[in-house]
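See structure below.
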2 protein chains.
Amino acid sequence: MVTVSGVFDPERVAIVGATERDGSVGRAITENLLEDFGGEIVPVNPNVDRVFEVDCRDTVTGADVDLAVIAVPPEAALEAVETAGTEGIENIVVITAGFGETGSEGARRERRLQELAAEYDLNIVGPNSLGVISTPSGLNATFAPRNARPDTISFMSQSGALVTAILEWAGDRGIGFKDIVSLGNKAVLDETDFVETWGEDPGTDVVLGYLEGIAEGRQFIETTRNVTRETPVVVLKSGRTEAGARAASSHTGAIAGSERAYEAGLKKAGAIRVDSTEALFDTGAMLAGGSLPGADGVAVVTNAGGSGVIATDAIGDSRAELASFERETRDRLAEVLPETASVSNPVDVIGDASADRFRDALEIVLSDPAVGAAVVIACPSAVLSFQRLAEVLATFRERRATPLAVCLMGGDSVSEPAETLAATNTPTYFDPTRAIEGLDALFRYREIRNRPERSPTEFDVDTDAARSVLERVETQSDNRLGIEAMELLDAYGISTADSEIVDAPHAARSAAERFGGDVVMKIVSPDILHKTDIGGVEIGVALEDVEDTYESLLTRARNYQPDARIHGVQIQERIDIDGGVETIVGMSRDPQFGPVLLFGLGGVFVEVLDDTTVRIAPVSRPEAESMIEDIESTPLLRGARGREPADEAAIVETIERLSQLVTDFPSIVELDINPLVATPDGVAAIDLRLTVDPETL
Amino acid sequence: MVTVSGVFDPERVAIVGATERDGSVGRAITENLLEDFGGEIVPVNPNVDRVFEVDCRDTVTGADVDLAVIAVPPEAALEAVETAGTEGIENIVVITAGFGETGSEGARRERRLQELAAEYDLNIVGPNSLGVISTPSGLNATFAPRNARPDTISFMSQSGALVTAILEWAGDRGIGFKDIVSLGNKAVLDETDFVETWGEDPGTDVVLGYLEGIAEGRQFIETTRNVTRETPVVVLKSGRTEAGARAASSHTGAIAGSERAYEAGLKKAGAIRVDSTEALFDTGAMLAGGSLPGADGVAVVTNAGGSGVIATDAIGDSRAELASFERETRDRLAEVLPETASVSNPVDVIGDASADRFRDALEIVLSDPAVGAAVVIACPSAVLSFQRLAEVLATFRERRATPLAVCLMGGDSVSEPAETLAATNTPTYFDPTRAIEGLDALFRYREIRNRPERSPTEFDVDTDAARSVLERVETQSDNRLGIEAMELLDAYGISTADSEIVDAPHAARSAAERFGGDVVMKIVSPDILHKTDIGGVEIGVALEDVEDTYESLLTRARNYQPDARIHGVQIQERIDIDGGVETIVGMSRDPQFGPVLLFGLGGVFVEVLDDTTVRIAPVSRPEAESMIEDIESTPLLRGARGREPADEAAIVETIERLSQLVTDFPSIVELDINPLVATPDGVAAIDLRLTVDPETL
């Protein structure tokens with residue numbers, strides 16, 4: 001991928017559709033650009049000579065610009081894009097609506113726009129975009145009524161109206177931005193392009209995104225995973241719920257992917273996911289501070305005991321912990337604080353504390369090695385000046401890297417102090433709980449930065465053998481395979497219970513003899529999916545009963561479905577399930593994110609409690625291991641209730657091998673190993689079901 | 001209980017410690033009272049003649065006041081309280097600190113204060129209180145720098161600093177109050193007194209509380225349960241987490257009760273629990289509107305598609321649902337909205353909507369029978385005036401009872417419109433997610449109002465028989481009883497597996513014959529708690545093995561613990577556990593809330609997944625039924641995975657009977673029936689363990 005920084009740092013900008021017409025979008029953009037932009041503006045409008053006293057051109061031809069902003073009706077917009085392409089103008093913002101969001105004619109225009117982008121290698125933002133902002137040069141190529149103030153947050157939004165709202169809200173709270181882009185229909189440039197661009201931008205400390213869908217899930221993961229090693233990415237992805245997904249789909253026409261796949265995809269990408277607009281900006285403001293906690297503990301310094309308790313609860317809910325101070329810290333606090341103060345964490349500097357007392361206490365707790373971050377909570381009092389406190393804290397921030405969140409629990413009187421603190425990238429809050437949620441994002445990002453970067457294990461497998469099993473669907477009437485395809489797992493080194501498929505009673509008997517009697521027998525038919533329900537499975541069949549059981553399995557299958565295709569009966573060695581734990585390892589394919597692996601404990605844990613976890617394949621070993629950590633029933637694998645612990649390493653390896661299989665064969669649409677029995681000595685796949693797409697074989 | 005409304009509606013108020021001394025608490029209170037109070041003020045200070053030009057008295061003797069506010073040092077405060085008592089002044093606010101919160105001398109003073117209250121029948125707020133406010137008369141008997149504006153929210157706080165903070169914050173947001181009390185040390189009056197008082201106060205629409213502990217849990221439940229039939233009560237109870245509870249305990253000296261008991265207690269009380277300061281006031285402001293949803297659906301009307309999606313997600317997370325409009329509603333919307341608008345819910349009135357278009361759309365959706373509440377979300381645009389929108393919506397609120405939440409997604413420009421809406425008790429938000437959380441509280445309160453009010457069933461039981469079982473602990477060296485006490489359950493009609501305790505091998509054999517052979521045998525010893533672990537339980541013993549098994553159980557017990565007291569061996573009929581589900585029904589006693597009942601599915605569900613639920617006893621039938629609904633593994637009782645459903649009614653009755661038992665006998669400290677096996681035909685208690693306090697027998 002290449003970055004598209006040219007969208008944000010042009011020297012000359014053409015406005016196609018520049019006008020002075022009252023209430024028009026073209027006028028709003030022209031005014032915004034003329035107001036603050038440090039470069040040159042070239043209005044384009046064949047109908048007038050001058051716009052706001054700047055000479056107008058008829059077309060962009062010869063305008064010699066490096067960004068064209070287009071705000072003319074759809075067909076004219078397409079012409080302007082083509083002209084720009086021929087002129088070698090690479091960066092284009094299409095404000096114009098009436099494309100993919102509006103019926104078939106619009107969809108045709110959007111395709112044409114994509115063709116032009118490909119033909120001339122154009123970076124096109126939009127169409128149907130509010131525009132772009134970049135504060136270093138004062139570029140405001142939007143029709144929003146407010147510009148942004150400069151800072152280090154870059155923000156992309158799939159909703160233009162949200163950009164307008166955020167500009168007003170953030171502006172009045174001292175929150176600024178580096179770049180902003182309204183993504184519009186994402187016909188050409190999408191979220192991944194901007195993550196890539198801002199990842200390489202030294203002016204951007206944190207990337208925020210409001211997204212309703214992610215077009216190319218796997219590309220997004222790869223890029224974001226890379227960027228988040230240095231730059232945090234925070235995403236509000238709406239359409240989480242079923243109704244929300246429907247609303248998003250009708251709003252943007254985005255294909256609704258599965259919520260679980262989005263959750264797994266954003267996690268794999270290293271993005272921090274939030275659920276509300278406030279959380280997006282609370283998190284962004286905190287991360288823009290740039291420093292991360294050096295230890296797991298949070299110190300609380302407050303002049304109000306109650307707020308300290310509320311903050312302590314919130315810390316208990318977070319990834320962080322309440323710091324336990326060293327003896328020395330408490331002794332030093334006791335020296336500077338009044339007798340009735342609390343020198344343990346939370347530190348209560350009590351109601352008559354001045355800003356200086358806050359400073360003294362903070363100075364001491366920040367020296368404690370257990371303290372990785374601090375929250376200062378101040379309630380109004382006659383002896384405390386919020387402004388003086390803000391100045392004291394701002395000085396701290398300049399001297400120390402320890403992250404700080406500040407609660408000024410007052411009304412309008414906090415505005416000026418909040419601005420003082422915002423200037424040092426120190427966010428302020430009213431509510432202690434929100435302040436801790438903000439700090440929690442730093443601990444979350446620290447985890448992301450420290451995550452192990454491991455490639456998926458490459459096992460030595462027999463792809464030819466696997467392919468030949470999958471190719472069997474070409475000669476059947478449907479795409480499903482069952483236990484008869486266990487060799488697929490063998491080919492990828494996944495342990496299976498020993499078995500043989502036979503088509504006559506005497507062959508069943510000989511197979512059972514080889515497995516030492518006491519076998520499992522299952523009907524093999526692609527037409528019977530729930531074998532147990534129709535009595536198609538018999539467990540623990542004694543040697544002398546094998547031939548009779550063969551006949552009765554066939555009879556039951558025929559009674560259930562006379563025209564079912566029956567491949568025979570599988571004779572399988574009996575694994576001691578009582579000494580083991582049933583697990584499920586599976587895969588389904590998501591339109592945005594590709595193969596999604598699933599792991600859980602079998603039986604009630606999956607069917608009743610839905611205690612499962614998913615990851616996007618391919619997974620590395622630490623990722624496969626983390627799946628086992630995720631589920632609540634994991635203690636059952638680890639010897640809960642007096643059992644011998646199961647062989648977890650074998651489960652992890654099975655997940656990794658399945659990951660390799662479904663990555664190698666895009667034709668596998670879904671696959672379930674259920675159960676995979678895990679014992680102290682290893683694992684064995686007992687049953688298998690998969691669907692194959694012959695088109696992608 | 002009696003109400004203490006006299007604290008809030010005095011006609012003449014004495015200030016003991018009135019002074020003009022700069023920076024003193026006494027001066028702050030005097031100034032606050034002189035500023036707005038509609039009644040008369042009587043300064044009391046023997047050292048000066050006049051305070052702020054009002055004549056001063058030496059003592060409250062003869063002051064003829066109905067409220068005394070005391071702000072003199074601790075010992076003088078106690079004297080003043082006594083004088084007030086002898087003068088018949090019933091209502092007293094003790095601002096003075098230096099009582100229970102500060103060591104043994106303070107604790108003595110606090111006990112003395114309680115004695116005086118009892119002796120003279122005084123309503124004492126505090127000590128260590130910021131004071132009280134009541135807006136109808138302009139009473140501000142606090143030393144806070146800001147007064148409250150009048151409204152219908154009454155607020156109590158166990159933190160005085162939080163009151164100061166809230167007064168500033170709420171004041172600048174147009175949120176007002178009826179009464180406010182800073183509870184201080186709660187030496188005399190506590191949260192329950194104020195819930196009771198405000199429950200009967202026509203001026204209070206909603207009660208908010210910040211609490212760090214609830215002193216008398218059962219009294220709080222009874223009062224609050226009664227009050228919440230008419231008036232919602234919202235509680236921020238801090239100290240939820242272990243660290244938080246420790247912090248709360250060191251802040252207020254409150255005994256830390258169990259968090260699960262608080263959760264169950266607040267639920268039984270019908271209180272709405274929130275976890276943050278913002279949520280407390282978001283919820284309070286919404287409930288102060290007074291109207292409740294008439295249907296389950298929420299309509300969303302917005303000029304920004306993206307915000308509509310975010311709101312839809314939040315509705316998906318809430319108790320409410322996104323309303324599905326009737327055909328007629330959509331048709332009518334289509335008539336008034338532009339073609340590109342969305343006439344399904346969420347309704348997108350699109351970016352060029354004026355306030356009038358919002359009004360037209362809202363008018364239509366509010367007529368839809370599925371709509372019980374609406375949220376209006378407005379992003380800034382050139383054609384939309386937030387102020388005009390606020391006026392339009394305020395008019396709606398005056399005409400219609402349907403609850404409304406409004407998001408004005410802007411910066412400082414929303415202040416005036418927000419005040420316009422606040423005047424009609426319509427809360428405004430920036431974040432759509434928070435607005436929906438606010439609305440959710442209305443749906444929650446609707447549930448509380450509609451909850452069934454049923455008394456606990458009174459079963460016909462044999463209390464004498466039960467008592468004689470419990471009295472056995474008087475003749476043993478410890479307080480625990482085990483399976484030998486199963487008659488306790490029989491006495492309360494709880495089904496038990498048939499059993500007999502025997503003390504010789506031949507007696508074991510005869511008992512086993514009566515149960516038809518194939519019995520369960522268990523060692524009976526108060527000293528061996530984990531019988532299974534030492535091989536002290538044998539299941540499915542055949543008749544011919546009973547005598548040998550008797551001997552080996554005794555041998556194992558003696559090997560395990562040579563000095564264990566052994567009461568014999570229990571011979572129990574074998575219940576078919578495979579055809580049933582193991583459950584646990586238990587009880588423990590909480591210092592604040594008394595007996596807490598527990599229900600869960602046995603085995604891994606309790607031990608590994610902690611899938612249990614608790615209620616405060618005594619429980620009504622609907623409460624017992626709701627315990628079964630609470631746990632995640634309930635589908636296993638209802639025939640998941642092809643099983644026959646268990647007899648739920650028998651489980652419910654067992655919970656009710658246990659509730660009656662532990663309510664009748666406060667001496668039962670804890671009790672576990674584990675397992676209680678539930679089959680399609682009923683339940684049977686298989687094992688029992690309990691602890692009895694001989695002191696309360």
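By convention in this document, the chains of the structure tokens carry letters A, B, ... by their order, each chain's residues are numbered from 1, and ligands are numbered from 1 in the order they are shown.
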
Could you list, as a PyMOL selection string, every residue within 6 Å of Asn45 (chain A), counting only C-alpha atoms and ignoring same-chain residues fewer than 5 positions away? chain A and resi 17-18+58

Go ahead and save the residues from that selection, with all heavy atoms, as a compact mmCIF listing (two decimals), in the first residue's frame.
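Output below, filename again_11.txt:
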```txt
# COMPACT_ATOMS: atom_id res chain seq x y z
N GLY A 17 -16.55 24.21 -8.62
CA GLY A 17 -17.86 24.56 -8.09
C GLY A 17 -17.77 25.71 -7.10
O GLY A 17 -18.70 25.93 -6.32
N ALA A 18 -16.67 26.44 -7.14
CA ALA A 18 -16.54 27.62 -6.28
C ALA A 18 -17.61 28.63 -6.66
O ALA A 18 -17.91 28.82 -7.83
CB ALA A 18 -15.15 28.23 -6.44
N ASP A 58 -12.05 28.28 -15.82
CA ASP A 58 -13.20 27.55 -16.37
C ASP A 58 -13.14 26.07 -16.01
O ASP A 58 -14.16 25.42 -15.80
CB ASP A 58 -13.24 27.69 -17.88
CG ASP A 58 -13.66 29.10 -18.28
OD1 ASP A 58 -14.03 29.87 -17.36
OD2 ASP A 58 -13.60 29.41 -19.48
```

Counting only C-alpha atoms, what is within 10 Å of Arg327 (chain B), bar same-chain residues fewer than 5 positions away, as a ChimeraX atom specification? /B:332-333,344,368

Close residues, region 319-322 of chain A itself excluded, 6 Å, only C-alpha atoms, min 6 positions apart in chain, as a PyMOL selection string: chain A and resi 296-298

List every residue of chain B that has an atom at most 7 Å from any atom of chain A, and for each one report the closest atom pair and its distance in Å to one decimal, counting only C-alpha atoms, with rows sorted by chain and then by increasing residue number, as a tab-separated table.
```
residue	atom	partner	partner_atom	distance
B:Ser159	CA	A:Gly306	CA	5.3
B:Ala161	CA	A:Ala304	CA	5.6
B:Leu162	CA	A:Cys379	CA	6.9
B:Thr164	CA	A:Pro380	CA	6.4
B:Ala165	CA	A:Gly410	CA	5.2
B:Glu168	CA	A:Gly411	CA	4.8
B:Trp169	CA	A:Gly411	CA	3.8
B:Asp172	CA	A:Gly411	CA	5.5
B:Ser238	CA	A:Ile310	CA	5.6
B:Gly239	CA	A:Asp313	CA	6.1
B:Arg240	CA	A:Asp313	CA	6.0
B:Thr241	CA	A:Asp313	CA	5.3
B:Ala243	CA	A:Thr312	CA	6.4
B:Gly244	CA	A:Asp313	CA	4.7
B:Ala247	CA	A:Val309	CA	5.6
B:Ala248	CA	A:Val309	CA	5.6
B:His251	CA	A:Gly305	CA	5.9
B:Ser276	CA	A:Thr433	CA	5.9
B:Thr277	CA	A:Asp431	CA	6.0
B:Glu278	CA	A:Asp431	CA	6.2
B:Ala304	CA	A:Ala161	CA	5.6
B:Gly305	CA	A:His251	CA	5.9
B:Gly306	CA	A:Ser159	CA	5.3
B:Val309	CA	A:Gly244	CA	5.4
B:Ile310	CA	A:Ser238	CA	5.6
B:Thr312	CA	A:Gly244	CA	4.9
B:Asp313	CA	A:Gly244	CA	4.7
B:Gly316	CA	A:Thr241	CA	5.8
B:Cys379	CA	A:Ala165	CA	5.5
B:Pro380	CA	A:Ala165	CA	5.9
B:Met409	CA	A:Ala165	CA	5.2
B:Gly410	CA	A:Trp169	CA	5.0
B:Gly411	CA	A:Trp169	CA	3.8
B:Asp412	CA	A:Asp172	CA	6.1
B:Asp431	CA	A:Thr277	CA	6.0
B:Thr433	CA	A:Ser276	CA	5.9
B:Val608	CA	A:Pro635	CA	6.5
B:Leu609	CA	A:Glu632	CA	6.5
B:Glu632	CA	A:Leu609	CA	6.5
B:Ser633	CA	A:Leu609	CA	6.5
B:Pro635	CA	A:Val608	CA	6.5
```

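The environment of Val233 (chain B) within 7 Å, counting only C-alpha atoms and disregarding residues fewer than 5 places along the same chain, consists of Val206, Val207, Leu208, Thr228, Ala271 and Ile272 of chain B.
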
With C-alpha atoms retained, write the just-selected residues as a PDB file, in the first residue's frame.
```pdb
ATOM      1  CA  VAL B 206     -37.294  11.040  42.074  1.00  0.00           C
ATOM      2  CA  VAL B 207     -34.868  10.173  44.876  1.00  0.00           C
ATOM      3  CA  LEU B 208     -31.126   9.953  44.149  1.00  0.00           C
ATOM      4  CA  THR B 228     -40.757   2.784  44.697  1.00  0.00           C
ATOM      5  CA  ALA B 271     -33.904   0.709  43.656  1.00  0.00           C
ATOM      6  CA  ILE B 272     -32.263   1.396  40.286  1.00  0.00           C
TER       7      ILE B 272
END
```

Excluding same-chain residues fewer than 5 positions from Asp121 (chain B), what lies within 8 Å of it counting only C-alpha atoms, as a short mmCIF file (atom, residue, chain, number, x, y, z; two decimals) with all heavy atoms, in the first residue's frame?
```cif
data_model
loop_
_atom_site.label_atom_id
_atom_site.label_comp_id
_atom_site.auth_asym_id
_atom_site.auth_seq_id
_atom_site.Cartn_x
_atom_site.Cartn_y
_atom_site.Cartn_z
N GLY B 85 -32.63 19.86 72.65
CA GLY B 85 -33.54 18.80 73.09
C GLY B 85 -34.45 19.29 74.21
O GLY B 85 -35.68 19.11 74.15
N GLU B 90 -36.91 19.73 67.51
CA GLU B 90 -36.80 18.33 67.08
C GLU B 90 -35.77 18.09 66.00
O GLU B 90 -35.22 17.00 65.88
CB GLU B 90 -38.15 17.87 66.51
CG GLU B 90 -39.11 17.38 67.55
CD GLU B 90 -40.44 17.00 66.92
OE1 GLU B 90 -40.47 16.75 65.69
OE2 GLU B 90 -41.44 16.97 67.65
N LEU B 116 -28.61 11.27 73.12
CA LEU B 116 -29.42 12.49 73.18
C LEU B 116 -30.60 12.39 72.22
O LEU B 116 -31.73 12.81 72.55
CB LEU B 116 -28.57 13.72 72.86
CG LEU B 116 -27.51 14.08 73.91
CD1 LEU B 116 -26.56 15.15 73.37
CD2 LEU B 116 -28.20 14.59 75.20
#
```

Near Leu384 (chain B), within 10 Å and counting only C-alpha atoms, which residues show up once chain neighbours fewer than 6 positions away are dropped, as a PyMOL selection string? chain B and resi 303+351-358+378

Of A:Gly536, A:Pro675, A:Pro338, A:Gly516, the one sitting nearest Arg556 (chain A) when using only C-alpha atoms is A:Gly536

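The smallest atom-to-atom distance between Asn226 (chain A) and any of A:Val683, A:Ala261, A:Ala269, A:Val546, using only C-alpha atoms, is found for A:Ala269.
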